[in-house]
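Okay, structure first, notes after.
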Amino acid sequence: MTIPGNFTQDNSFMAPESPDIVTVCDQLDDIMWRLNNLYFCIDEDGNKVRFRPNDAQSELLLEIWWRNDIVKARQLGFTTGIGILGLDFALFNANKTVGFIAHKGDAAINIYQKKILFPYDNLPEDIKKARKTIIRQDSGGHISFDNGSSITVGLSFRSDTCQFLHISEFGKICATYPARAEEIITGSIPTVHKGGRIFIESTTEGSYGHFFDISDKAYKKQLRGDELTYLDFKLHFFPWWEDTRYEFNEDDTKLTVITENRTKYFNELEIKIKRKLTPGQRAWYVVMKETMGEKMFQEYPSTFEEAFQTVIKGAYYKKQIEKAYEDGRIGDYPYLEGYPLYTFWDLGIGDEQAIWGVQLVGGVFRFVFYYQASGEDLKHYIDILKETGYEFAEHWAPHDIAVREWSSAQSRIEIAAEKYGIRFYTAPKLSIADGIDAVRRVFKNCVFHEKAVKDGINALSNYQKQYDEKRGCYRNIPLHNAASNGADAFRYFAVTKGGMAETQELPAGISEPPQPTIPSEDDIWAGVGV
């Protein structure tokens, strides 16, 4: 059995180089035999056991590609499996560079000591004699062999060339250490040239950042059935329900109460995945969901879309968005004729720019439009709005839209009015903290047409605090990333239509439009019309 993609093209121990190895077993040139017979690992109970690829690891080997993106449930053994695969690659191929990137220091130590050194130290003595180490830095995460190949484990990786690169928990790196994530994209991945292997594997951390971008692009290619080049990432998705461990026995199943809402969830899931869940699987999920709570979608996703639905740690609106999902306020709420649309803009210069569109329907803020782009002029966004055919009530932008630009001696608010016939109102200039508080207070009165504003929901879900690496905690200062613009535009909505605008003075010459009545929580569903 060989691994697809010509993985074994340089995979044999050459007899002239090490004739003593051939006497050990005539199957050493078969990588699958080696993976099933040569290596030991530590199991989840801390015992030394012979490594045998489990179902998930075997599926990855059968579907392997040059660049592999693994979105997964927890504890499927990919770090162990890929660690042993990388060790095998270095041992049985000359002059190869193998790199492992971990998301934090103790994880790097764990990978090096338990996934690399432990399998190597427990190899048959004949093989260790034939493939000697010339450098071994147990505290430094590096080992080199006498065939010219080496393995390095750390928090980053740079080399002239690399033939095997594993990036562990890339989702966590992107969410917590965006600068390191950027370094991996621009500095580490390019070291792997044509014919090399890349493995990115992670549970998810929200729907923004490089891990999401890579996974989403791979998912869309998979749905379309696109033929992949060696530079394209291939998606490997491993949900919880494919693992036989995640199922209760009959006795535990009888003790589990499954509510009507949970039954509905499972019934809909079965339609999506085109397979039946056993009563034991349903019971296991219900009990695990009670334990994991908001982390369930992240740690044990049922579908690819669900995997990235989790609101990341450190997000400003984490509780509000999770409650909106729980209440069903993110779903099918399309544009309604007869109700004008209010737009709220975040206008940057050479940056991502975002627009939210919301209707006021029966005392509920109904978000039915979102658009975000970069590198476009004002006309582009106005044209996008015109193409919708919607009826517009007002257009709102941040206060700096009234600032005149050096190049034209006109402000964008003047250009919009004179050239395009669009009159902007300016949102009050409040502190970011006040604006965040306004969003949190008004969120319970909002519903979202998920299909139309999915990217906007992602922006709100991933608007997060800066992470202080030295102190190991989040600072109450927003992290500027691609989510910031959508979140800022929503903040302008909150301070304008959320009940705070009447306390602020608008710029001279701009009158105050009528303010909506903010409904009570009991009246939120009145007149929604769905």
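The chains in the structure tokens are called A, B, ... from first to last as shown; in each chain the residues are counted from 1, and the ligands are counted from 1 in the order shown.
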
Discussion item. Which residues are close to Pro178 of chain A, i.e. within 9 Å by only C-alpha atoms, leaving aside same-chain residues fewer than 4 positions away? Reply as a VMD selection string.
Written reply: chain A and resid 173 to 174 182 to 183 209 to 210 481

Keeping only N, CA and C atoms, write those residues as a PDB file, in the first residue's frame.
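Just written: out26.pdb:
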ATOM      1  N   ILE A 173      -3.168  30.012  17.013  1.00  0.00           N
ATOM      2  CA  ILE A 173      -2.118  30.986  16.692  1.00  0.00           C
ATOM      3  C   ILE A 173      -2.730  32.225  16.051  1.00  0.00           C
ATOM      4  N   CYS A 174      -3.634  32.022  15.090  1.00  0.00           N
ATOM      5  CA  CYS A 174      -4.252  33.149  14.383  1.00  0.00           C
ATOM      6  C   CYS A 174      -5.071  34.016  15.329  1.00  0.00           C
ATOM      7  N   GLU A 182       0.964  35.714  10.799  1.00  0.00           N
ATOM      8  CA  GLU A 182       1.411  36.387   9.578  1.00  0.00           C
ATOM      9  C   GLU A 182       2.818  35.922   9.201  1.00  0.00           C
ATOM     10  N   GLU A 183       3.669  35.737  10.192  1.00  0.00           N
ATOM     11  CA  GLU A 183       5.030  35.260   9.946  1.00  0.00           C
ATOM     12  C   GLU A 183       5.008  33.845   9.364  1.00  0.00           C
ATOM     13  N   GLY A 209      -9.175  35.340  10.180  1.00  0.00           N
ATOM     14  CA  GLY A 209      -7.772  34.990  10.266  1.00  0.00           C
ATOM     15  C   GLY A 209      -7.358  34.010   9.190  1.00  0.00           C
ATOM     16  N   HIS A 210      -6.059  33.728   9.142  1.00  0.00           N
ATOM     17  CA  HIS A 210      -5.500  32.913   8.070  1.00  0.00           C
ATOM     18  C   HIS A 210      -6.021  31.479   8.081  1.00  0.00           C
ATOM     19  N   ASN A 481      -7.891  44.248  13.266  1.00  0.00           N
ATOM     20  CA  ASN A 481      -7.754  43.214  12.256  1.00  0.00           C
ATOM     21  C   ASN A 481      -8.879  43.387  11.238  1.00  0.00           C
TER      22      ASN A 481
END

Give me, as a PyMOL selection string, the residues of segment 31-154 of chain A that a backbone DSSP run labels strand (DSSP E). chain A and resi 40-42+48-50+67-72+97-101+133-137+142-145+150-154

Export, as an mmCIF file, in the first residue's frame, the selected residues with C-alpha atoms.
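Once written, out04.cif looks like this:
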data_model
loop_
_atom_site.group_PDB
_atom_site.id
_atom_site.type_symbol
_atom_site.label_atom_id
_atom_site.label_comp_id
_atom_site.auth_asym_id
_atom_site.auth_seq_id
_atom_site.Cartn_x
_atom_site.Cartn_y
_atom_site.Cartn_z
ATOM 1 C CA PHE A 40 5.780 3.318 19.689
ATOM 2 C CA CYS A 41 3.794 6.192 21.184
ATOM 3 C CA ILE A 42 2.113 7.156 24.447
ATOM 4 C CA LYS A 48 3.568 2.933 25.929
ATOM 5 C CA VAL A 49 1.836 1.256 22.977
ATOM 6 C CA ARG A 50 2.774 0.325 19.439
ATOM 7 C CA ARG A 67 -0.805 20.903 1.202
ATOM 8 C CA ASN A 68 -3.252 19.575 3.786
ATOM 9 C CA ASP A 69 -5.708 21.571 5.900
ATOM 10 C CA ILE A 70 -7.174 19.529 8.770
ATOM 11 C CA VAL A 71 -10.258 20.880 10.566
ATOM 12 C CA LYS A 72 -11.128 18.477 13.320
ATOM 13 C CA THR A 97 14.310 19.274 6.471
ATOM 14 C CA VAL A 98 11.300 18.689 8.707
ATOM 15 C CA GLY A 99 9.696 21.490 10.726
ATOM 16 C CA PHE A 100 7.013 21.536 13.425
ATOM 17 C CA ILE A 101 5.381 24.762 14.648
ATOM 18 C CA THR A 133 22.004 11.111 15.380
ATOM 19 C CA ILE A 134 24.769 13.649 14.944
ATOM 20 C CA ILE A 135 23.020 16.503 16.786
ATOM 21 C CA ARG A 136 20.450 16.069 19.531
ATOM 22 C CA GLN A 137 19.282 19.093 21.494
ATOM 23 C CA HIS A 142 16.305 19.903 17.241
ATOM 24 C CA ILE A 143 17.623 16.559 16.080
ATOM 25 C CA SER A 144 19.828 15.777 13.054
ATOM 26 C CA PHE A 145 20.651 12.407 11.549
ATOM 27 C CA SER A 150 16.849 16.991 10.483
ATOM 28 C CA ILE A 151 13.768 17.821 12.552
ATOM 29 C CA THR A 152 13.171 21.153 14.299
ATOM 30 C CA VAL A 153 10.278 21.948 16.657
ATOM 31 C CA GLY A 154 9.505 25.491 17.813
#

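Compared by their closest atoms to Gln163 of chain A, and using only C-alpha atoms, the residues A:Gly357, A:Gly280, A:Pro190, A:Gly77 rank with A:Pro190 nearest.
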
Got a sec: who's within 8 Å of segment 341-344 of chain A, counting only C-alpha atoms, leaving out chain neighbours fewer than 4 positions off, as a compact mmCIF listing (two decimals) with N, CA and C atoms, in the first residue's frame?
# COMPACT_ATOMS: atom_id res chain seq x y z
N ILE A 355 -20.19 48.16 5.31
CA ILE A 355 -21.51 48.78 5.36
C ILE A 355 -22.52 47.77 5.92
N TRP A 356 -23.25 48.18 6.94
CA TRP A 356 -24.39 47.41 7.44
C TRP A 356 -25.68 48.06 6.94
N GLY A 357 -26.68 47.26 6.63
CA GLY A 357 -28.01 47.76 6.28
C GLY A 357 -29.04 47.17 7.22
N VAL A 358 -29.88 48.02 7.83
CA VAL A 358 -30.84 47.55 8.82
C VAL A 358 -32.20 48.20 8.58
N GLN A 359 -33.26 47.43 8.77
CA GLN A 359 -34.63 47.93 8.72
C GLN A 359 -35.20 47.97 10.14
N LEU A 360 -36.13 48.87 10.36
CA LEU A 360 -36.85 48.92 11.63
C LEU A 360 -38.23 48.35 11.39
N TYR A 390 -32.99 48.33 -3.15
CA TYR A 390 -33.67 48.59 -1.89
C TYR A 390 -34.05 50.07 -1.77
N GLU A 391 -35.03 50.34 -0.95
CA GLU A 391 -35.41 51.71 -0.61
C GLU A 391 -34.61 52.13 0.62
N PHE A 392 -33.92 53.27 0.52
CA PHE A 392 -33.05 53.70 1.61
C PHE A 392 -33.65 54.89 2.35
N ALA A 393 -33.47 54.87 3.67
CA ALA A 393 -33.97 55.95 4.52
C ALA A 393 -32.86 56.97 4.80
N GLU A 394 -31.76 56.49 5.38
CA GLU A 394 -30.65 57.36 5.76
C GLU A 394 -29.34 56.60 5.61
N HIS A 395 -28.28 57.37 5.42
CA HIS A 395 -26.93 56.82 5.36
C HIS A 395 -26.09 57.48 6.45
N TRP A 396 -25.45 56.66 7.27
CA TRP A 396 -24.67 57.17 8.40
C TRP A 396 -23.21 56.76 8.25
N ALA A 397 -22.32 57.64 8.67
CA ALA A 397 -20.88 57.38 8.58
C ALA A 397 -20.21 57.97 9.82
N ALA A 489 -18.57 49.75 12.04
CA ALA A 489 -19.80 50.19 11.38
C ALA A 489 -21.02 49.84 12.21
N PHE A 490 -21.00 48.66 12.85
CA PHE A 490 -22.12 48.27 13.70
C PHE A 490 -22.19 49.15 14.94
N TYR A 492 -21.43 52.27 15.03
CA TYR A 492 -22.06 53.53 14.65
C TYR A 492 -23.58 53.39 14.63
N PHE A 493 -24.06 52.22 14.25
CA PHE A 493 -25.50 51.96 14.34
C PHE A 493 -25.96 52.06 15.79

Q.
Just list as a ChimeraX atom specification whatever in segment 19-253 of chain A DSSP marks as alpha helix (DSSP H).
A. /A:19-22,31-37,55-62,78-91,105-110,118-121,125-130,170-176,178-183,210-224,250-253

Exercise. Quick one: everything within 10 Å of segment 273-275 of chain A, counting only C-alpha atoms, minus sequence neighbours fewer than 5 positions away in the same chain. Send it as a list in words.
Key: Trp241, Glu268, Ser302 and Thr303 of chain A

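All residues of protein, DNA or RNA that reach within 7 Å of segment 318-330 of chain A, judged by only C-alpha atoms and not counting those fewer than 3 positions away in the chain, are Val311, Ala315, Arg440, Phe443, Val447, Phe448, His449, Glu450 and Ser461 of chain A.
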
May I have the selected residues written with C-alpha atoms, as a PDB file, in the first residue's frame?
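And here is the file that came out, selection_27.pdb:
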ATOM      1  CA  VAL A 311     -17.130  33.093  18.909  1.00  0.00           C
ATOM      2  CA  ALA A 315     -14.291  38.686  21.624  1.00  0.00           C
ATOM      3  CA  ARG A 440     -24.081  45.130  23.961  1.00  0.00           C
ATOM      4  CA  PHE A 443     -28.031  43.506  20.650  1.00  0.00           C
ATOM      5  CA  VAL A 447     -32.256  39.934  14.272  1.00  0.00           C
ATOM      6  CA  PHE A 448     -29.981  38.980  11.380  1.00  0.00           C
ATOM      7  CA  HIS A 449     -30.631  37.543   7.929  1.00  0.00           C
ATOM      8  CA  GLU A 450     -27.761  35.068   8.132  1.00  0.00           C
ATOM      9  CA  SER A 461     -17.776  37.453  16.337  1.00  0.00           C
TER      10      SER A 461
END

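Take the candidates A:Phe164, A:Asn249, A:Asp29, A:Val495 and check each one against Val192 of chain A using only C-alpha atoms; the shortest distance goes to A:Phe164.
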
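Coordinates place atom CA of Leu35 of chain A at a distance of 7.9 Å from atom CA of Asp88 of chain A.
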
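From atom CA of Tyr335 of chain A back to atom CA of Ala452 of chain A, the distance works out to 9.4 Å.
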
The distance between atom CA of Thr176 of chain A and atom CA of His103 of chain A is 9.0 Å
